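So the structure is just underneath, and the comments pick up after that.
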Amino acid sequence: MGLTTTKKMFEAAYNGGYAIGAFNVNNMEIIQGIMEAVNETNSPVILQVSAGARKYANPIYLKKLVEAAIECNEKSGKDIPVVLHLDHGPDFETCKDCIDGGFTSVMIDGSKYGFEENVELTKKVVEYAHQRGVVVEAELGKLAGVEDDVKVSESDAMYTNPDEAAEFVKRTGCDSLAIAIGTSHGAYKFKGEAKLRFDILQEISEKLPGFPIVLHGASSVPQEFVQMCNEYGGDIPGAKGVPEEMLRKAATMAVCKINIDSDIRLAMTANIRECFVQEPGVFDPRTYLGKARTAVKDMVKHKIVDVLGCAGKA
Ligand code: G3H
Ligand code: 13P
Ligand code: ZN
């Protein structure tokens, strides 16, 4: 199976009480680590590319790396559905570029605009995408944290209003909706106790029965990686993520897509730092990037099996 959209994936995830992992990809080792994990667990997967990733790696490189992953799977007889998704599409042009370039899913992130402007922009992307068989994720509500160059402070973060969510989906025709219920991007999600507004998620799902919801900012920031980073010369004290039990609960509700980027960064950095300190003679990038790739694989496998519940659902 080559690239596919999220349509059937989300339908099965919604009905089955699990979620699909959407992992941010920026280079070859990340893609390989994720693909090894999904192959070993027979799981569907969403590989997502941000505008920042396109700028870093070059859009053509990323597309070809994903194509390589699919070709490798075909050669070895693996039948894993893979979605190539644009994460946080900032404008119509970027979405169009990805749709024209073979992405099967795009996100238009109009959450920085007012309601009406967000509706208009999302509608425009939906119209262009649907004519070409591509699905669209939109966002309503504001997450705290950093996305590309846009920084949203905690006081500016805004929970999604359930009535607005229902109206937004009806008017835009989007295929899935990212909502704000207390998660945030990055490795510092909560100062005190972690809290998510499951009541808002529940209300939204009642107003939009069967409709797939997306959770951004869903890294759990494993403390083992935070400790390793800090022990081996890093400086990220107090980093804290969403408790895995909360993600599990969200996956049994209407959340069909769970976005994970920071945990990949942490897994790689912790293991590269450890290698540099424990093996100071190493200067072959394949040694430390190889360790980083294995760490990504192990982390993704853990998410699939113990958190998302999508193992065996390919
Ligand atoms: O939501 C943001 C993702 O973590 C992507 O991050 O824009 O730095 O690639 P990035
Ligand atoms: P994290 O920073 O929690 O990994 O969130 C990633 C994300 O939402 C990508 O869109
Ligand atoms: Zn996000």
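Every chain in the structure tokens has a letter given in the order shown (A, B, ...), and although residue numbers restart at 1 in each chain, ligands are simply numbered from 1 in the order shown.
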
Set out as a Markdown table a contact list for chain A and ligand 1 with a cut-off of 10 Å, giving each residue of chain A that qualifies its closest atom pair and distance in Å to one decimal, counting only C-alpha atoms and all ligand atoms, ordered by chain and rising residue number.
```
| residue | atom | partner | partner_atom_place_in_ligand_line | distance |
| --- | --- | --- | --- | --- |
| A:Phe23 | CA | ligand 1 | 4 (O) | 9.1 |
| A:Asn24 | CA | ligand 1 | 5 (C) | 6.6 |
| A:Val25 | CA | ligand 1 | 9 (O) | 8.3 |
| A:Asn26 | CA | ligand 1 | 9 (O) | 7.5 |
| A:Gln48 | CA | ligand 1 | 5 (C) | 8.8 |
| A:Val49 | CA | ligand 1 | 9 (O) | 7.3 |
| A:Ser50 | CA | ligand 1 | 9 (O) | 4.9 |
| A:Ala51 | CA | ligand 1 | 7 (O) | 6.2 |
| A:Gly52 | CA | ligand 1 | 9 (O) | 4.4 |
| A:Ala53 | CA | ligand 1 | 9 (O) | 5.0 |
| A:Arg54 | CA | ligand 1 | 9 (O) | 8.3 |
| A:Lys55 | CA | ligand 1 | 9 (O) | 9.0 |
| A:Tyr56 | CA | ligand 1 | 9 (O) | 8.6 |
| A:Asp87 | CA | ligand 1 | 1 (O) | 7.0 |
| A:His88 | CA | ligand 1 | 1 (O) | 6.6 |
| A:Gly89 | CA | ligand 1 | 7 (O) | 9.9 |
| A:Leu143 | CA | ligand 1 | 1 (O) | 9.6 |
| A:Gly145 | CA | ligand 1 | 1 (O) | 8.8 |
| A:Val146 | CA | ligand 1 | 2 (C) | 7.0 |
| A:Glu147 | CA | ligand 1 | 2 (C) | 4.6 |
| A:Asp148 | CA | ligand 1 | 7 (O) | 3.8 |
| A:Asp149 | CA | ligand 1 | 7 (O) | 7.5 |
| A:Val150 | CA | ligand 1 | 7 (O) | 9.1 |
| A:Ser184 | CA | ligand 1 | 1 (O) | 8.7 |
| A:His185 | CA | ligand 1 | 1 (O) | 5.8 |
| A:Gly186 | CA | ligand 1 | 4 (O) | 6.7 |
| A:Ala187 | CA | ligand 1 | 4 (O) | 9.8 |
| A:His216 | CA | ligand 1 | 1 (O) | 7.0 |
| A:Gly217 | CA | ligand 1 | 1 (O) | 6.7 |
| A:Ala218 | CA | ligand 1 | 4 (O) | 9.7 |
| A:Ser219 | CA | ligand 1 | 4 (O) | 9.4 |
| A:Asn259 | CA | ligand 1 | 1 (O) | 8.0 |
| A:Ile260 | CA | ligand 1 | 4 (O) | 7.3 |
| A:Asp261 | CA | ligand 1 | 4 (O) | 4.9 |
| A:Ser262 | CA | ligand 1 | 4 (O) | 6.2 |
| A:Asp263 | CA | ligand 1 | 4 (O) | 9.6 |
| A:Ile264 | CA | ligand 1 | 4 (O) | 9.7 |
| A:Arg265 | CA | ligand 1 | 4 (O) | 9.3 |
```

Next, dump the selected residues to file, keeping only N, CA, C and O atoms, as a short mmCIF file (atom, residue, chain, number, x, y, z; two decimals), in the first residue's frame.
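Below is the file selection10.cif, written as the result:
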```cif
data_model
loop_
_atom_site.label_atom_id
_atom_site.label_comp_id
_atom_site.auth_asym_id
_atom_site.auth_seq_id
_atom_site.Cartn_x
_atom_site.Cartn_y
_atom_site.Cartn_z
N PHE A 23 3.61 11.80 13.42
CA PHE A 23 4.97 12.10 13.86
C PHE A 23 5.62 13.10 12.91
O PHE A 23 5.56 12.93 11.69
N ASN A 24 6.25 14.12 13.47
CA ASN A 24 6.93 15.12 12.64
C ASN A 24 8.25 14.57 12.11
O ASN A 24 9.04 14.00 12.86
N VAL A 25 8.46 14.75 10.81
CA VAL A 25 9.69 14.24 10.20
C VAL A 25 10.52 15.39 9.62
O VAL A 25 9.99 16.29 8.99
N ASN A 26 11.80 15.31 9.88
CA ASN A 26 12.72 16.37 9.44
C ASN A 26 13.96 15.83 8.72
O ASN A 26 14.69 16.59 8.10
N GLN A 48 4.26 13.67 9.24
CA GLN A 48 3.89 15.06 8.97
C GLN A 48 5.10 15.97 8.88
O GLN A 48 6.10 15.80 9.57
N VAL A 49 4.94 16.94 7.97
CA VAL A 49 6.04 17.83 7.60
C VAL A 49 5.57 19.26 7.88
O VAL A 49 4.53 19.68 7.38
N SER A 50 6.32 19.97 8.69
CA SER A 50 5.96 21.37 8.98
C SER A 50 6.61 22.30 7.94
O SER A 50 7.49 21.88 7.20
N ALA A 51 6.18 23.56 7.95
CA ALA A 51 6.82 24.54 7.06
C ALA A 51 8.30 24.65 7.42
O ALA A 51 9.17 24.79 6.55
N GLY A 52 8.59 24.55 8.73
CA GLY A 52 9.99 24.63 9.18
C GLY A 52 10.80 23.44 8.68
O GLY A 52 11.98 23.59 8.32
N ALA A 53 10.18 22.27 8.64
CA ALA A 53 10.87 21.07 8.13
C ALA A 53 11.17 21.23 6.65
O ALA A 53 12.24 20.86 6.17
N ARG A 54 10.20 21.80 5.92
CA ARG A 54 10.41 22.02 4.47
C ARG A 54 11.56 23.00 4.24
O ARG A 54 12.36 22.84 3.32
N LYS A 55 11.62 23.99 5.11
CA LYS A 55 12.69 24.99 4.98
C LYS A 55 14.06 24.35 5.32
O LYS A 55 15.05 24.61 4.66
N TYR A 56 14.06 23.49 6.35
CA TYR A 56 15.32 22.88 6.80
C TYR A 56 15.86 21.86 5.79
O TYR A 56 17.03 21.91 5.41
N ASP A 87 1.89 19.75 8.23
CA ASP A 87 1.56 20.16 9.61
C ASP A 87 1.56 21.69 9.70
O ASP A 87 2.50 22.34 9.24
N HIS A 88 0.52 22.24 10.28
CA HIS A 88 0.41 23.70 10.47
C HIS A 88 0.65 24.49 9.19
O HIS A 88 1.47 25.43 9.17
N GLY A 89 -0.04 24.12 8.12
CA GLY A 89 0.05 24.92 6.89
C GLY A 89 -0.29 26.37 7.20
O GLY A 89 -1.36 26.66 7.71
N LEU A 143 -3.47 27.10 20.94
CA LEU A 143 -2.61 26.38 21.88
C LEU A 143 -1.52 27.33 22.35
O LEU A 143 -1.01 28.12 21.55
N GLY A 145 2.37 28.09 23.41
CA GLY A 145 3.64 27.51 22.98
C GLY A 145 4.15 28.09 21.68
O GLY A 145 3.69 29.13 21.23
N VAL A 146 5.10 27.37 21.07
CA VAL A 146 5.75 27.89 19.87
C VAL A 146 5.45 27.01 18.67
O VAL A 146 5.61 25.80 18.73
N GLU A 147 4.97 27.61 17.58
CA GLU A 147 4.78 26.90 16.32
C GLU A 147 5.54 27.68 15.28
O GLU A 147 5.20 28.84 15.03
N ASP A 148 6.53 27.06 14.66
CA ASP A 148 7.36 27.80 13.71
C ASP A 148 7.75 29.13 14.34
O ASP A 148 8.28 29.15 15.43
N ASP A 149 7.40 30.25 13.71
CA ASP A 149 7.83 31.53 14.29
C ASP A 149 6.73 32.19 15.13
O ASP A 149 6.89 33.30 15.61
N VAL A 150 5.60 31.50 15.26
CA VAL A 150 4.49 32.12 15.99
C VAL A 150 4.51 31.66 17.45
O VAL A 150 4.46 30.47 17.74
N SER A 184 -0.10 22.01 24.74
CA SER A 184 0.66 23.08 24.10
C SER A 184 1.89 22.49 23.44
O SER A 184 2.33 21.39 23.80
N HIS A 185 2.44 23.21 22.49
CA HIS A 185 3.63 22.71 21.79
C HIS A 185 4.88 22.83 22.66
O HIS A 185 4.94 23.69 23.53
N GLY A 186 5.85 21.98 22.39
CA GLY A 186 7.14 22.09 23.06
C GLY A 186 7.27 21.20 24.27
O GLY A 186 6.41 20.35 24.54
N ALA A 187 8.33 21.40 25.03
CA ALA A 187 8.67 20.49 26.14
C ALA A 187 8.29 21.04 27.51
O ALA A 187 8.57 20.42 28.54
N HIS A 216 -3.04 18.34 19.11
CA HIS A 216 -1.67 18.84 18.92
C HIS A 216 -0.99 18.94 20.28
O HIS A 216 -1.65 18.86 21.32
N GLY A 217 0.31 19.16 20.24
CA GLY A 217 1.04 19.37 21.49
C GLY A 217 0.90 18.19 22.42
O GLY A 217 0.74 18.34 23.64
N ALA A 218 0.97 16.98 21.86
CA ALA A 218 0.63 15.78 22.65
C ALA A 218 1.85 14.95 23.04
O ALA A 218 1.72 13.77 23.37
N SER A 219 3.03 15.53 23.02
CA SER A 219 4.20 14.80 23.51
C SER A 219 4.08 14.61 25.02
O SER A 219 3.56 15.48 25.72
N ASN A 259 -0.55 14.25 17.77
CA ASN A 259 0.68 14.80 17.18
C ASN A 259 1.87 14.73 18.14
O ASN A 259 1.79 15.20 19.28
N ILE A 260 2.96 14.18 17.64
CA ILE A 260 4.15 14.02 18.48
C ILE A 260 5.39 14.50 17.73
O ILE A 260 5.74 13.96 16.67
N ASP A 261 6.03 15.51 18.26
CA ASP A 261 7.27 16.01 17.69
C ASP A 261 8.35 16.12 18.78
O ASP A 261 9.44 15.55 18.67
N SER A 262 8.02 16.81 19.87
CA SER A 262 9.01 17.05 20.92
C SER A 262 9.63 15.75 21.45
O SER A 262 10.83 15.71 21.74
N ASP A 263 8.82 14.69 21.58
CA ASP A 263 9.37 13.42 22.10
C ASP A 263 10.42 12.84 21.17
O ASP A 263 11.37 12.18 21.63
N ILE A 264 10.27 13.08 19.87
CA ILE A 264 11.29 12.62 18.91
C ILE A 264 12.58 13.41 19.13
O ILE A 264 13.68 12.86 19.19
N ARG A 265 12.42 14.73 19.27
CA ARG A 265 13.59 15.59 19.50
C ARG A 265 14.33 15.17 20.76
O ARG A 265 15.56 15.11 20.81
#
```

Going by DSSP on the backbone, which residues of stretch 45-144 of chain A come out as alpha helix (DSSP H)? List them as an MDAnalysis selection string. chainID A and resid 51:57 59:75 92:100 115:130

Keeping only C-alpha atoms, take the residues you just selected and write them out as a short mmCIF file (atom, residue, chain, number, x, y, z; two decimals), in the first residue's frame.
```cif
data_model
loop_
_atom_site.label_atom_id
_atom_site.label_comp_id
_atom_site.auth_asym_id
_atom_site.auth_seq_id
_atom_site.Cartn_x
_atom_site.Cartn_y
_atom_site.Cartn_z
CA ALA A 51 6.82 24.54 7.06
CA GLY A 52 9.99 24.63 9.18
CA ALA A 53 10.87 21.07 8.13
CA ARG A 54 10.41 22.02 4.47
CA LYS A 55 12.69 24.99 4.98
CA TYR A 56 15.32 22.88 6.80
CA ALA A 57 15.47 19.80 4.59
CA PRO A 59 10.56 19.93 0.31
CA ILE A 60 11.91 17.70 -2.47
CA TYR A 61 14.26 15.83 -0.11
CA LEU A 62 11.48 15.16 2.38
CA LYS A 63 9.05 13.96 -0.29
CA LYS A 64 11.69 11.64 -1.77
CA LEU A 65 12.60 10.26 1.67
CA VAL A 66 8.95 9.38 2.32
CA GLU A 67 8.73 7.82 -1.15
CA ALA A 68 11.86 5.82 -0.33
CA ALA A 69 10.24 4.55 2.85
CA ILE A 70 7.21 3.37 0.88
CA GLU A 71 9.35 1.78 -1.83
CA CYS A 72 11.37 -0.10 0.81
CA ASN A 73 8.14 -1.37 2.34
CA GLU A 74 6.78 -2.47 -1.03
CA LYS A 75 10.01 -4.34 -1.77
CA PHE A 92 -3.26 28.72 1.06
CA GLU A 93 -0.11 28.75 -1.12
CA THR A 94 1.80 26.31 1.11
CA CYS A 95 -1.21 23.97 1.19
CA LYS A 96 -1.57 24.21 -2.60
CA ASP A 97 2.12 23.47 -3.07
CA CYS A 98 1.85 20.33 -0.93
CA ILE A 99 -1.41 19.18 -2.57
CA ASP A 100 0.14 19.66 -6.02
CA PHE A 115 -13.41 33.01 13.37
CA GLU A 116 -14.74 34.37 10.08
CA GLU A 117 -11.30 34.73 8.49
CA ASN A 118 -10.39 31.21 9.63
CA VAL A 119 -13.63 29.89 8.05
CA GLU A 120 -12.94 31.65 4.73
CA LEU A 121 -9.31 30.49 4.51
CA THR A 122 -10.17 26.91 5.50
CA LYS A 123 -13.02 26.78 2.98
CA LYS A 124 -10.67 27.87 0.21
CA VAL A 125 -8.17 25.11 1.06
CA VAL A 126 -10.93 22.49 1.43
CA GLU A 127 -12.31 23.33 -2.00
CA TYR A 128 -8.90 23.03 -3.66
CA ALA A 129 -7.94 19.89 -1.73
CA HIS A 130 -11.19 17.94 -2.12
#
```

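Counting only C-alpha atoms and all ligand atoms, the residue from A:Pro90, A:Gly33, A:Gly17, A:Pro280 that sits nearest to ligand 3 is A:Pro90.
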
With only C-alpha atoms as the counted atoms, please give the residues lying no more than 9 Å from A:Gly238, apart from itself and same-chain residues fewer than 3 positions off, as a PyMOL selection string. chain A and resi 187-188+191+226

Since we have the selection now, will you write its residues out, keeping N, CA and C atoms, as a PDB file, in the first residue's frame?
```pdb
ATOM      1  N   ALA A 187       8.334  21.397  25.033  1.00  0.00           N
ATOM      2  CA  ALA A 187       8.671  20.489  26.143  1.00  0.00           C
ATOM      3  C   ALA A 187       8.286  21.043  27.513  1.00  0.00           C
ATOM      4  N   TYR A 188       7.643  22.212  27.538  1.00  0.00           N
ATOM      5  CA  TYR A 188       7.221  22.805  28.822  1.00  0.00           C
ATOM      6  C   TYR A 188       5.724  23.056  28.764  1.00  0.00           C
ATOM      7  N   LYS A 191       3.153  24.006  34.221  1.00  0.00           N
ATOM      8  CA  LYS A 191       4.030  24.422  35.335  1.00  0.00           C
ATOM      9  C   LYS A 191       3.721  23.592  36.565  1.00  0.00           C
ATOM     10  N   VAL A 226      14.559  13.536  29.567  1.00  0.00           N
ATOM     11  CA  VAL A 226      14.884  14.832  30.178  1.00  0.00           C
ATOM     12  C   VAL A 226      16.095  14.660  31.105  1.00  0.00           C
TER      13      VAL A 226
END
```

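Here the strand (DSSP E or B) residues in stretch 78-164 of chain A, by DSSP on the backbone, are Val82, Val83, Leu84, His85, Leu86, Asp87, His88, Gly89, Ser105, Val106, Met107, Ile108, Val135, Val136, Glu137, Ala138, Glu139, Leu140, Lys142, Ala144, Gly145, Val146, Glu147, Val150, Lys151, Val152 and Met158 of chain A.
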
Pick the closest to A:Ala254 from A:Gly241, A:Tyr18, A:Arg293, A:Asp284: which is it, counting only C-alpha atoms? A:Tyr18

Env of A:Met268: 8 Å cut, atoms = only C-alpha atoms, seq-sep filter 2 positions within chain, self excluded. Answer as a list in words. Ile264, Arg265, Leu266, Ala270, Asn271, Ile272, Leu289, Lys291, Ala292, Arg293, Ala295 and Val296 of chain A

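Interatomic distance, atom CA of A:Phe211 to atom CA of A:Val38: 24.8 Å.
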
Best match for closeness to A:Gly233 among A:Lys257, A:Lys195, A:Lys249, A:Arg273, counting only C-alpha atoms: A:Arg273

What lies within 9 Å of A:Glu36 using only C-alpha atoms, ignoring chain neighbours under 3 positions off, as a PyMOL selection string? chain A and resi 31-33+39-41+294+297+301

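Excluding A:Thr4 itself and same-chain residues fewer than 3 positions from it, the residues having an atom within 8 Å of it are Met1, Pro81, Val82, Val83, Leu84 and Thr104 of chain A, counting only C-alpha atoms.
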
Take the residues from that selection and write them out as a compact mmCIF listing (two decimals), in the first residue's frame, keeping all heavy atoms.
```txt
# COMPACT_ATOMS: atom_id res chain seq x y z
N MET A 1 0.85 -1.21 0.00
CA MET A 1 0.00 0.00 0.00
C MET A 1 0.88 1.25 0.00
O MET A 1 1.82 1.34 0.76
CB MET A 1 -0.89 -0.02 1.26
CG MET A 1 -1.96 1.05 1.24
SD MET A 1 -2.96 1.03 2.73
CE MET A 1 -3.85 -0.51 2.54
N PRO A 81 -0.37 1.41 5.70
CA PRO A 81 -0.89 2.67 5.16
C PRO A 81 -0.13 3.88 5.75
O PRO A 81 0.01 4.00 6.96
CB PRO A 81 -2.35 2.69 5.60
CG PRO A 81 -2.54 1.59 6.55
CD PRO A 81 -1.31 0.74 6.60
N VAL A 82 0.34 4.73 4.86
CA VAL A 82 1.11 5.91 5.27
C VAL A 82 0.42 7.17 4.72
O VAL A 82 0.08 7.22 3.54
CB VAL A 82 2.55 5.85 4.72
CG1 VAL A 82 3.35 7.09 5.11
CG2 VAL A 82 3.27 4.59 5.20
N VAL A 83 0.23 8.15 5.58
CA VAL A 83 -0.31 9.45 5.15
C VAL A 83 0.83 10.46 5.15
O VAL A 83 1.60 10.52 6.11
CB VAL A 83 -1.42 9.92 6.13
CG1 VAL A 83 -1.88 11.34 5.80
CG2 VAL A 83 -2.61 8.97 6.09
N LEU A 84 0.95 11.22 4.07
CA LEU A 84 1.93 12.32 4.05
C LEU A 84 1.14 13.61 4.25
O LEU A 84 0.31 13.98 3.43
CB LEU A 84 2.70 12.33 2.72
CG LEU A 84 3.70 13.47 2.55
CD1 LEU A 84 4.73 13.51 3.69
CD2 LEU A 84 4.43 13.34 1.20
N THR A 104 -1.12 13.71 0.79
CA THR A 104 -2.48 13.16 0.80
C THR A 104 -3.36 13.86 1.83
O THR A 104 -4.55 13.61 1.92
CB THR A 104 -2.45 11.65 1.10
OG1 THR A 104 -1.64 11.44 2.26
CG2 THR A 104 -1.88 10.89 -0.08
```

Coordinates-based distance that separates atom CA of A:Asp79 from atom CA of A:Ala314 (Å, one decimal):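 For atom CA of A:Ala314 relative to atom CA of A:Asp79, the distance reads 7.4 Å.
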